[in-house]
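K.L.:
So here's structure36.txt (compact mmCIF, N, CA and C atoms).
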# COMPACT_ATOMS: atom_id res chain seq x y z
N MET B 5 -23.17 3.44 208.80
CA MET B 5 -22.85 2.43 207.82
C MET B 5 -24.15 1.97 207.16
N PRO B 6 -24.26 2.07 205.85
CA PRO B 6 -25.49 1.64 205.17
C PRO B 6 -25.65 0.13 205.24
N VAL B 7 -26.89 -0.29 205.37
CA VAL B 7 -27.20 -1.72 205.41
C VAL B 7 -27.37 -2.19 203.98
N LYS B 8 -26.70 -3.28 203.65
CA LYS B 8 -26.79 -3.83 202.31
C LYS B 8 -28.18 -4.40 202.08
N GLN B 9 -28.67 -4.26 200.89
CA GLN B 9 -29.97 -4.82 200.54
C GLN B 9 -29.86 -6.33 200.52
N SER B 10 -30.84 -6.97 201.10
CA SER B 10 -30.84 -8.43 201.07
C SER B 10 -32.27 -8.91 200.94
N LYS B 11 -32.39 -10.18 200.65
CA LYS B 11 -33.74 -10.73 200.55
C LYS B 11 -34.35 -10.81 201.93
N GLU B 12 -35.64 -11.10 201.98
CA GLU B 12 -36.35 -11.18 203.25
C GLU B 12 -35.67 -12.16 204.19
N ILE B 13 -35.55 -11.76 205.44
CA ILE B 13 -34.91 -12.60 206.45
C ILE B 13 -35.98 -13.45 207.13
N VAL B 14 -35.78 -14.74 207.12
CA VAL B 14 -36.68 -15.66 207.78
C VAL B 14 -35.89 -16.38 208.85
N VAL B 15 -36.32 -16.25 210.10
CA VAL B 15 -35.64 -16.92 211.20
C VAL B 15 -36.10 -18.36 211.23
N LYS B 16 -35.17 -19.25 211.20
CA LYS B 16 -35.47 -20.68 211.20
C LYS B 16 -35.81 -21.13 212.61
N SER B 17 -36.41 -22.30 212.72
CA SER B 17 -36.87 -22.77 214.01
C SER B 17 -35.76 -23.37 214.87
N LYS B 18 -34.65 -23.78 214.26
CA LYS B 18 -33.57 -24.40 215.02
C LYS B 18 -32.26 -23.70 214.69
N PRO B 19 -31.39 -23.56 215.70
CA PRO B 19 -30.12 -22.85 215.47
C PRO B 19 -29.30 -23.38 214.30
N HIS B 20 -29.27 -24.70 214.12
CA HIS B 20 -28.46 -25.25 213.02
C HIS B 20 -29.04 -24.93 211.65
N GLU B 21 -30.29 -24.49 211.61
CA GLU B 21 -30.92 -24.11 210.35
C GLU B 21 -30.76 -22.62 210.05
N GLN B 22 -30.02 -21.90 210.88
CA GLN B 22 -29.92 -20.46 210.75
C GLN B 22 -28.72 -19.99 209.93
N THR B 23 -28.08 -20.89 209.24
CA THR B 23 -26.86 -20.54 208.50
C THR B 23 -27.09 -19.37 207.55
N GLU B 24 -28.17 -19.40 206.81
CA GLU B 24 -28.44 -18.32 205.85
C GLU B 24 -28.64 -16.99 206.57
N LEU B 25 -29.39 -17.01 207.64
CA LEU B 25 -29.61 -15.79 208.42
C LEU B 25 -28.30 -15.25 208.96
N ILE B 26 -27.47 -16.12 209.47
CA ILE B 26 -26.17 -15.71 210.00
C ILE B 26 -25.33 -15.09 208.91
N GLU B 27 -25.33 -15.68 207.73
CA GLU B 27 -24.56 -15.13 206.60
C GLU B 27 -25.07 -13.75 206.20
N ILE B 28 -26.39 -13.56 206.22
CA ILE B 28 -26.98 -12.27 205.88
C ILE B 28 -26.56 -11.20 206.89
N ILE B 29 -26.65 -11.53 208.17
CA ILE B 29 -26.25 -10.58 209.22
C ILE B 29 -24.77 -10.26 209.10
N TYR B 30 -23.96 -11.28 208.93
CA TYR B 30 -22.51 -11.12 208.79
C TYR B 30 -22.19 -10.17 207.64
N ALA B 31 -22.83 -10.37 206.51
CA ALA B 31 -22.58 -9.53 205.33
C ALA B 31 -23.12 -8.11 205.54
N ASN B 32 -24.33 -7.98 206.08
CA ASN B 32 -24.93 -6.66 206.26
C ASN B 32 -24.15 -5.80 207.24
N LEU B 33 -23.54 -6.42 208.22
CA LEU B 33 -22.75 -5.66 209.20
C LEU B 33 -21.30 -5.49 208.74
N ASP B 34 -20.99 -6.03 207.58
CA ASP B 34 -19.66 -5.95 207.00
C ASP B 34 -18.59 -6.47 207.97
N LEU B 35 -18.90 -7.61 208.58
CA LEU B 35 -17.99 -8.21 209.56
C LEU B 35 -16.85 -8.91 208.84
N LYS B 36 -15.74 -9.05 209.54
CA LYS B 36 -14.55 -9.64 208.94
C LYS B 36 -14.07 -10.91 209.65
N GLU B 37 -14.26 -10.96 210.95
CA GLU B 37 -13.70 -12.05 211.75
C GLU B 37 -14.57 -13.31 211.65
N PRO B 38 -13.97 -14.46 211.38
CA PRO B 38 -14.74 -15.71 211.28
C PRO B 38 -15.50 -16.05 212.56
N HIS B 39 -14.94 -15.72 213.73
CA HIS B 39 -15.63 -16.01 214.99
C HIS B 39 -16.93 -15.23 215.12
N SER B 40 -17.06 -14.16 214.36
CA SER B 40 -18.28 -13.35 214.43
C SER B 40 -19.51 -14.16 214.01
N LYS B 41 -19.34 -15.12 213.11
CA LYS B 41 -20.48 -15.94 212.68
C LYS B 41 -20.99 -16.78 213.85
N ARG B 42 -20.08 -17.38 214.60
CA ARG B 42 -20.51 -18.18 215.76
C ARG B 42 -21.09 -17.27 216.83
N PHE B 43 -20.53 -16.06 216.94
CA PHE B 43 -21.03 -15.09 217.90
C PHE B 43 -22.48 -14.72 217.55
N ILE B 44 -22.75 -14.50 216.28
CA ILE B 44 -24.11 -14.20 215.83
C ILE B 44 -25.04 -15.35 216.19
N ALA B 45 -24.61 -16.58 215.92
CA ALA B 45 -25.44 -17.75 216.24
C ALA B 45 -25.74 -17.81 217.74
N GLN B 46 -24.73 -17.53 218.55
CA GLN B 46 -24.93 -17.57 220.00
C GLN B 46 -25.92 -16.49 220.44
N ILE B 47 -25.77 -15.30 219.89
CA ILE B 47 -26.67 -14.20 220.24
C ILE B 47 -28.10 -14.54 219.82
N LEU B 48 -28.28 -15.15 218.67
CA LEU B 48 -29.62 -15.55 218.23
C LEU B 48 -30.23 -16.56 219.21
N GLU B 49 -29.41 -17.49 219.70
CA GLU B 49 -29.89 -18.43 220.71
C GLU B 49 -30.28 -17.68 221.99
N ASN B 50 -29.48 -16.70 222.36
CA ASN B 50 -29.77 -15.92 223.56
C ASN B 50 -31.05 -15.10 223.40
N ILE B 51 -31.32 -14.62 222.18
CA ILE B 51 -32.56 -13.88 221.92
C ILE B 51 -33.76 -14.79 222.13
N ARG B 52 -33.64 -16.03 221.68
CA ARG B 52 -34.74 -16.99 221.92
C ARG B 52 -34.98 -17.18 223.42
N LEU B 53 -33.90 -17.33 224.17
CA LEU B 53 -34.01 -17.49 225.62
C LEU B 53 -34.63 -16.24 226.24
N PHE B 54 -34.17 -15.06 225.84
CA PHE B 54 -34.71 -13.80 226.33
C PHE B 54 -36.22 -13.75 226.08
N ASP B 55 -36.65 -14.08 224.87
CA ASP B 55 -38.06 -14.01 224.51
C ASP B 55 -38.89 -14.97 225.35
N LYS B 56 -38.38 -16.18 225.54
CA LYS B 56 -39.08 -17.18 226.36
C LYS B 56 -39.24 -16.69 227.79
N LYS B 57 -38.15 -16.17 228.35
CA LYS B 57 -38.22 -15.71 229.74
C LYS B 57 -39.09 -14.47 229.88
N GLN B 58 -39.06 -13.57 228.89
CA GLN B 58 -39.93 -12.40 228.95
C GLN B 58 -41.39 -12.81 228.87
N HIS B 59 -41.67 -13.85 228.10
CA HIS B 59 -43.03 -14.36 228.01
C HIS B 59 -43.48 -14.89 229.38
N ASP B 60 -42.55 -15.55 230.09
CA ASP B 60 -42.88 -16.10 231.41
C ASP B 60 -42.96 -15.02 232.48
N TYR B 61 -41.98 -14.11 232.52
CA TYR B 61 -41.88 -13.11 233.58
C TYR B 61 -42.64 -11.82 233.26
N GLY B 62 -42.67 -11.44 231.99
CA GLY B 62 -43.18 -10.12 231.62
C GLY B 62 -42.13 -9.07 231.92
N PRO B 63 -42.32 -7.85 231.44
CA PRO B 63 -41.31 -6.80 231.62
C PRO B 63 -41.33 -6.15 233.01
N GLY B 64 -42.35 -6.42 233.81
CA GLY B 64 -42.51 -5.75 235.10
C GLY B 64 -41.38 -6.01 236.08
N ASN B 65 -40.79 -7.19 236.04
CA ASN B 65 -39.71 -7.48 236.98
C ASN B 65 -38.51 -6.59 236.73
N ILE B 66 -38.31 -6.13 235.52
CA ILE B 66 -37.22 -5.20 235.23
C ILE B 66 -37.67 -3.77 235.49
N GLU B 67 -38.90 -3.43 235.08
CA GLU B 67 -39.41 -2.06 235.21
C GLU B 67 -39.39 -1.57 236.66
N LYS B 68 -39.62 -2.46 237.61
CA LYS B 68 -39.69 -2.05 239.01
C LYS B 68 -38.39 -1.45 239.52
N PHE B 69 -37.26 -2.04 239.12
CA PHE B 69 -35.97 -1.62 239.69
C PHE B 69 -34.94 -1.23 238.65
N MET B 70 -35.27 -1.41 237.37
CA MET B 70 -34.42 -1.04 236.25
C MET B 70 -32.97 -1.48 236.45
N GLN B 71 -32.00 -0.56 236.30
CA GLN B 71 -30.58 -0.96 236.33
C GLN B 71 -30.18 -1.59 237.66
N THR B 72 -30.72 -1.09 238.75
CA THR B 72 -30.39 -1.66 240.06
C THR B 72 -30.81 -3.13 240.12
N GLY B 73 -32.01 -3.42 239.64
CA GLY B 73 -32.49 -4.80 239.62
C GLY B 73 -31.65 -5.68 238.71
N VAL B 74 -31.26 -5.14 237.56
CA VAL B 74 -30.43 -5.91 236.63
C VAL B 74 -29.08 -6.22 237.28
N MET B 75 -28.50 -5.23 237.97
CA MET B 75 -27.21 -5.47 238.63
C MET B 75 -27.34 -6.54 239.72
N ILE B 76 -28.44 -6.53 240.46
CA ILE B 76 -28.66 -7.55 241.49
C ILE B 76 -28.79 -8.92 240.84
N ARG B 77 -29.56 -9.00 239.77
CA ARG B 77 -29.71 -10.28 239.08
C ARG B 77 -28.38 -10.75 238.50
N LEU B 78 -27.60 -9.82 237.97
CA LEU B 78 -26.26 -10.18 237.45
C LEU B 78 -25.37 -10.70 238.58
N SER B 79 -25.45 -10.06 239.73
CA SER B 79 -24.67 -10.52 240.88
C SER B 79 -25.07 -11.95 241.25
N ASP B 80 -26.38 -12.22 241.26
CA ASP B 80 -26.85 -13.58 241.55
C ASP B 80 -26.31 -14.58 240.53
N LYS B 81 -26.34 -14.20 239.25
CA LYS B 81 -25.86 -15.09 238.20
C LYS B 81 -24.35 -15.32 238.32
N LEU B 82 -23.60 -14.28 238.64
CA LEU B 82 -22.15 -14.45 238.83
C LEU B 82 -21.86 -15.37 240.01
N GLU B 83 -22.60 -15.22 241.09
CA GLU B 83 -22.41 -16.11 242.24
C GLU B 83 -22.73 -17.55 241.87
N ARG B 84 -23.77 -17.74 241.08
CA ARG B 84 -24.12 -19.09 240.62
C ARG B 84 -23.00 -19.65 239.75
N LEU B 85 -22.48 -18.82 238.86
CA LEU B 85 -21.40 -19.26 237.98
C LEU B 85 -20.16 -19.64 238.78
N ILE B 86 -19.80 -18.82 239.75
CA ILE B 86 -18.65 -19.12 240.60
C ILE B 86 -18.86 -20.44 241.33
N ASN B 87 -20.04 -20.63 241.89
CA ASN B 87 -20.35 -21.85 242.63
C ASN B 87 -20.28 -23.08 241.71
N LEU B 88 -20.86 -22.97 240.51
CA LEU B 88 -20.80 -24.09 239.56
C LEU B 88 -19.38 -24.36 239.11
N TRP B 89 -18.61 -23.29 238.92
CA TRP B 89 -17.23 -23.42 238.44
C TRP B 89 -16.36 -24.16 239.44
N LYS B 90 -16.63 -23.96 240.72
CA LYS B 90 -15.84 -24.61 241.78
C LYS B 90 -16.11 -26.11 241.85
N LYS B 91 -17.27 -26.53 241.40
CA LYS B 91 -17.64 -27.94 241.44
C LYS B 91 -16.94 -28.70 240.31
N ASP B 92 -16.91 -30.00 240.45
CA ASP B 92 -16.42 -30.84 239.35
C ASP B 92 -17.39 -30.73 238.18
N SER B 93 -16.86 -30.75 236.98
CA SER B 93 -17.71 -30.63 235.80
C SER B 93 -18.41 -31.94 235.49
N THR B 94 -19.71 -31.86 235.41
CA THR B 94 -20.52 -32.96 234.89
C THR B 94 -21.34 -32.37 233.76
N SER B 95 -21.97 -33.20 232.99
CA SER B 95 -22.75 -32.68 231.86
C SER B 95 -23.87 -31.78 232.35
N ALA B 96 -24.51 -32.13 233.47
CA ALA B 96 -25.59 -31.30 234.00
C ALA B 96 -25.06 -29.95 234.45
N GLU B 97 -23.90 -29.96 235.12
CA GLU B 97 -23.32 -28.70 235.58
C GLU B 97 -22.82 -27.87 234.40
N CYS B 98 -22.31 -28.54 233.37
CA CYS B 98 -21.86 -27.83 232.18
C CYS B 98 -23.03 -27.11 231.52
N GLU B 99 -24.18 -27.78 231.45
CA GLU B 99 -25.38 -27.15 230.90
C GLU B 99 -25.80 -25.97 231.76
N ALA B 100 -25.72 -26.13 233.08
CA ALA B 100 -26.07 -25.03 233.98
C ALA B 100 -25.12 -23.85 233.80
N VAL B 101 -23.85 -24.13 233.57
CA VAL B 101 -22.87 -23.06 233.32
C VAL B 101 -23.21 -22.34 232.02
N MET B 102 -23.54 -23.09 230.97
CA MET B 102 -23.92 -22.47 229.69
C MET B 102 -25.17 -21.61 229.85
N ASP B 103 -26.16 -22.12 230.58
CA ASP B 103 -27.39 -21.36 230.82
C ASP B 103 -27.09 -20.06 231.57
N THR B 104 -26.20 -20.15 232.54
CA THR B 104 -25.86 -18.97 233.35
C THR B 104 -25.15 -17.94 232.49
N TRP B 105 -24.23 -18.36 231.63
CA TRP B 105 -23.55 -17.42 230.73
C TRP B 105 -24.57 -16.74 229.81
N ALA B 106 -25.55 -17.50 229.31
CA ALA B 106 -26.59 -16.91 228.45
C ALA B 106 -27.39 -15.87 229.21
N ASP B 107 -27.75 -16.19 230.47
CA ASP B 107 -28.48 -15.21 231.29
C ASP B 107 -27.66 -13.95 231.50
N ILE B 108 -26.37 -14.10 231.76
CA ILE B 108 -25.50 -12.94 231.97
C ILE B 108 -25.45 -12.08 230.71
N SER B 109 -25.34 -12.73 229.57
CA SER B 109 -25.33 -12.00 228.30
C SER B 109 -26.62 -11.21 228.12
N ASN B 110 -27.75 -11.86 228.38
CA ASN B 110 -29.04 -11.20 228.22
C ASN B 110 -29.23 -10.07 229.22
N TYR B 111 -28.81 -10.26 230.45
CA TYR B 111 -28.92 -9.17 231.42
C TYR B 111 -28.04 -7.99 231.02
N GLY B 112 -26.92 -8.25 230.36
CA GLY B 112 -26.09 -7.16 229.85
C GLY B 112 -26.86 -6.32 228.84
N ALA B 113 -27.56 -6.99 227.93
CA ALA B 113 -28.36 -6.28 226.92
C ALA B 113 -29.53 -5.54 227.58
N ILE B 114 -30.17 -6.18 228.56
CA ILE B 114 -31.28 -5.53 229.26
C ILE B 114 -30.76 -4.29 229.99
N GLY B 115 -29.59 -4.41 230.63
CA GLY B 115 -28.99 -3.25 231.31
C GLY B 115 -28.73 -2.11 230.35
N GLN B 116 -28.24 -2.43 229.15
CA GLN B 116 -28.01 -1.39 228.14
C GLN B 116 -29.33 -0.74 227.73
N MET B 117 -30.39 -1.54 227.61
CA MET B 117 -31.70 -1.00 227.26
C MET B 117 -32.24 -0.10 228.37
N CYS B 118 -31.99 -0.48 229.62
CA CYS B 118 -32.41 0.37 230.75
C CYS B 118 -31.65 1.69 230.72
N LEU B 119 -30.35 1.61 230.52
CA LEU B 119 -29.50 2.80 230.51
C LEU B 119 -29.89 3.76 229.39
N SER B 120 -30.20 3.24 228.22
CA SER B 120 -30.55 4.08 227.07
C SER B 120 -32.00 4.57 227.12
N GLY B 121 -32.79 4.04 228.06
CA GLY B 121 -34.19 4.42 228.16
C GLY B 121 -35.11 3.57 227.30
N GLU B 122 -34.55 2.63 226.55
CA GLU B 122 -35.36 1.81 225.65
C GLU B 122 -36.29 0.86 226.41
N TRP B 123 -35.87 0.36 227.56
CA TRP B 123 -36.74 -0.56 228.30
C TRP B 123 -37.98 0.18 228.78
N ALA B 124 -37.80 1.35 229.35
CA ALA B 124 -38.94 2.13 229.83
C ALA B 124 -39.80 2.59 228.66
N LYS B 125 -39.18 2.99 227.55
CA LYS B 125 -39.91 3.44 226.37
C LYS B 125 -40.78 2.31 225.85
N HIS B 126 -40.21 1.12 225.78
CA HIS B 126 -40.97 -0.04 225.29
C HIS B 126 -42.15 -0.33 226.23
N ALA B 127 -41.92 -0.22 227.52
CA ALA B 127 -42.98 -0.46 228.50
C ALA B 127 -44.12 0.55 228.31
N GLU B 128 -43.77 1.81 228.06
CA GLU B 128 -44.78 2.85 227.82
C GLU B 128 -45.55 2.58 226.54
N ASP B 129 -44.86 2.12 225.51
CA ASP B 129 -45.49 1.82 224.22
C ASP B 129 -46.54 0.72 224.35
N LYS B 130 -46.32 -0.21 225.28
CA LYS B 130 -47.24 -1.34 225.45
C LYS B 130 -48.49 -0.97 226.23
N LYS B 131 -48.44 0.17 226.98
CA LYS B 131 -49.58 0.56 227.81
C LYS B 131 -50.70 1.16 227.01
What do you get writing this file as structure tokens?
P.N.:
Amino acid sequence: MPVKQSKEIVVKSKPHEQTELIEIIYANLDLKEPHSKRFIAQILENIRLFDKKQHDYGPGNIEKFMQTGVMIRLSDKLERLINLWKKDSTSAECEAVMDTWADISNYGAIGQMCLSGEWAKHAEDKK
């Protein structure tokens, strides 16, 4: 699918300021469903979280065990989610649940990168 020409994309500093970017992505991908716009916004937030955590951890924690490590981390996150879900909802626990869902989403993308060889390729490119 050809990508539509658009003006330069500038990522805004806050999610609520990303409306233009979301519209550009929505149009370039020729999306139809209205929920896709919110999905794009959520993924952009998750990318920020991924970048922050990669800055803190570095890629080595994934490189050591690749898909196996990602599956273990996903298992830990699912157990955390189950444990939080069983508790009564408070605002702090709700935030923890949201954070856990974001981590699960990001580990899914990392797992895909491991499977496709992109994680290892990126690690080699940095050496």
K.L.:
In Å, how far is it from atom CA of Pro63 of chain B to atom CA of Trp123 of chain B?
P.N.:
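Those two atoms sit 8.4 Å apart.
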K.L.:
Go through B:Ala106, B:Gln71, B:Ala100, B:Lys41 one by one, measure the shortest atom-to-atom distance of each to Leu119 of chain B using only C-alpha atoms, and give the residue with the smallest value.
P.N.:
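Result for the nearest residue to Leu119 of chain B: B:Gln71.
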K.L.:
Find the residue from B:Ala45, B:Asn110, B:Ser120, B:Leu53 that sits nearest to Gln22 of chain B; use all atoms listed in the file when measuring.
P.N.:
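Checking each of B:Ala45, B:Asn110, B:Ser120, B:Leu53 against Gln22 of chain B, counting all atoms listed in the file, the winner is B:Ala45.
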K.L.:
Just give me the gap between atom CA of Glu37 of chain B and atom C of Ser109 of chain B in Å, one decimal is fine.
P.N.:
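Result for atom CA of Glu37 of chain B versus atom C of Ser109 of chain B: 20.9 Å, one decimal.
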K.L.:
Atom CA of Trp89 of chain B and atom CA of Val101 of chain B, how far apart in Å?
P.N.:
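Atom CA of Trp89 of chain B lies at a distance of 7.6 Å from atom CA of Val101 of chain B.
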K.L.:
Mind listing whatever residues come within 9 Å of the point (-25.8, -6.5, 235.1)? Use only C-alpha atoms, file coordinates, and give them as a PyMOL selection string.
P.N.:
chain B and resi 71-79+108-116
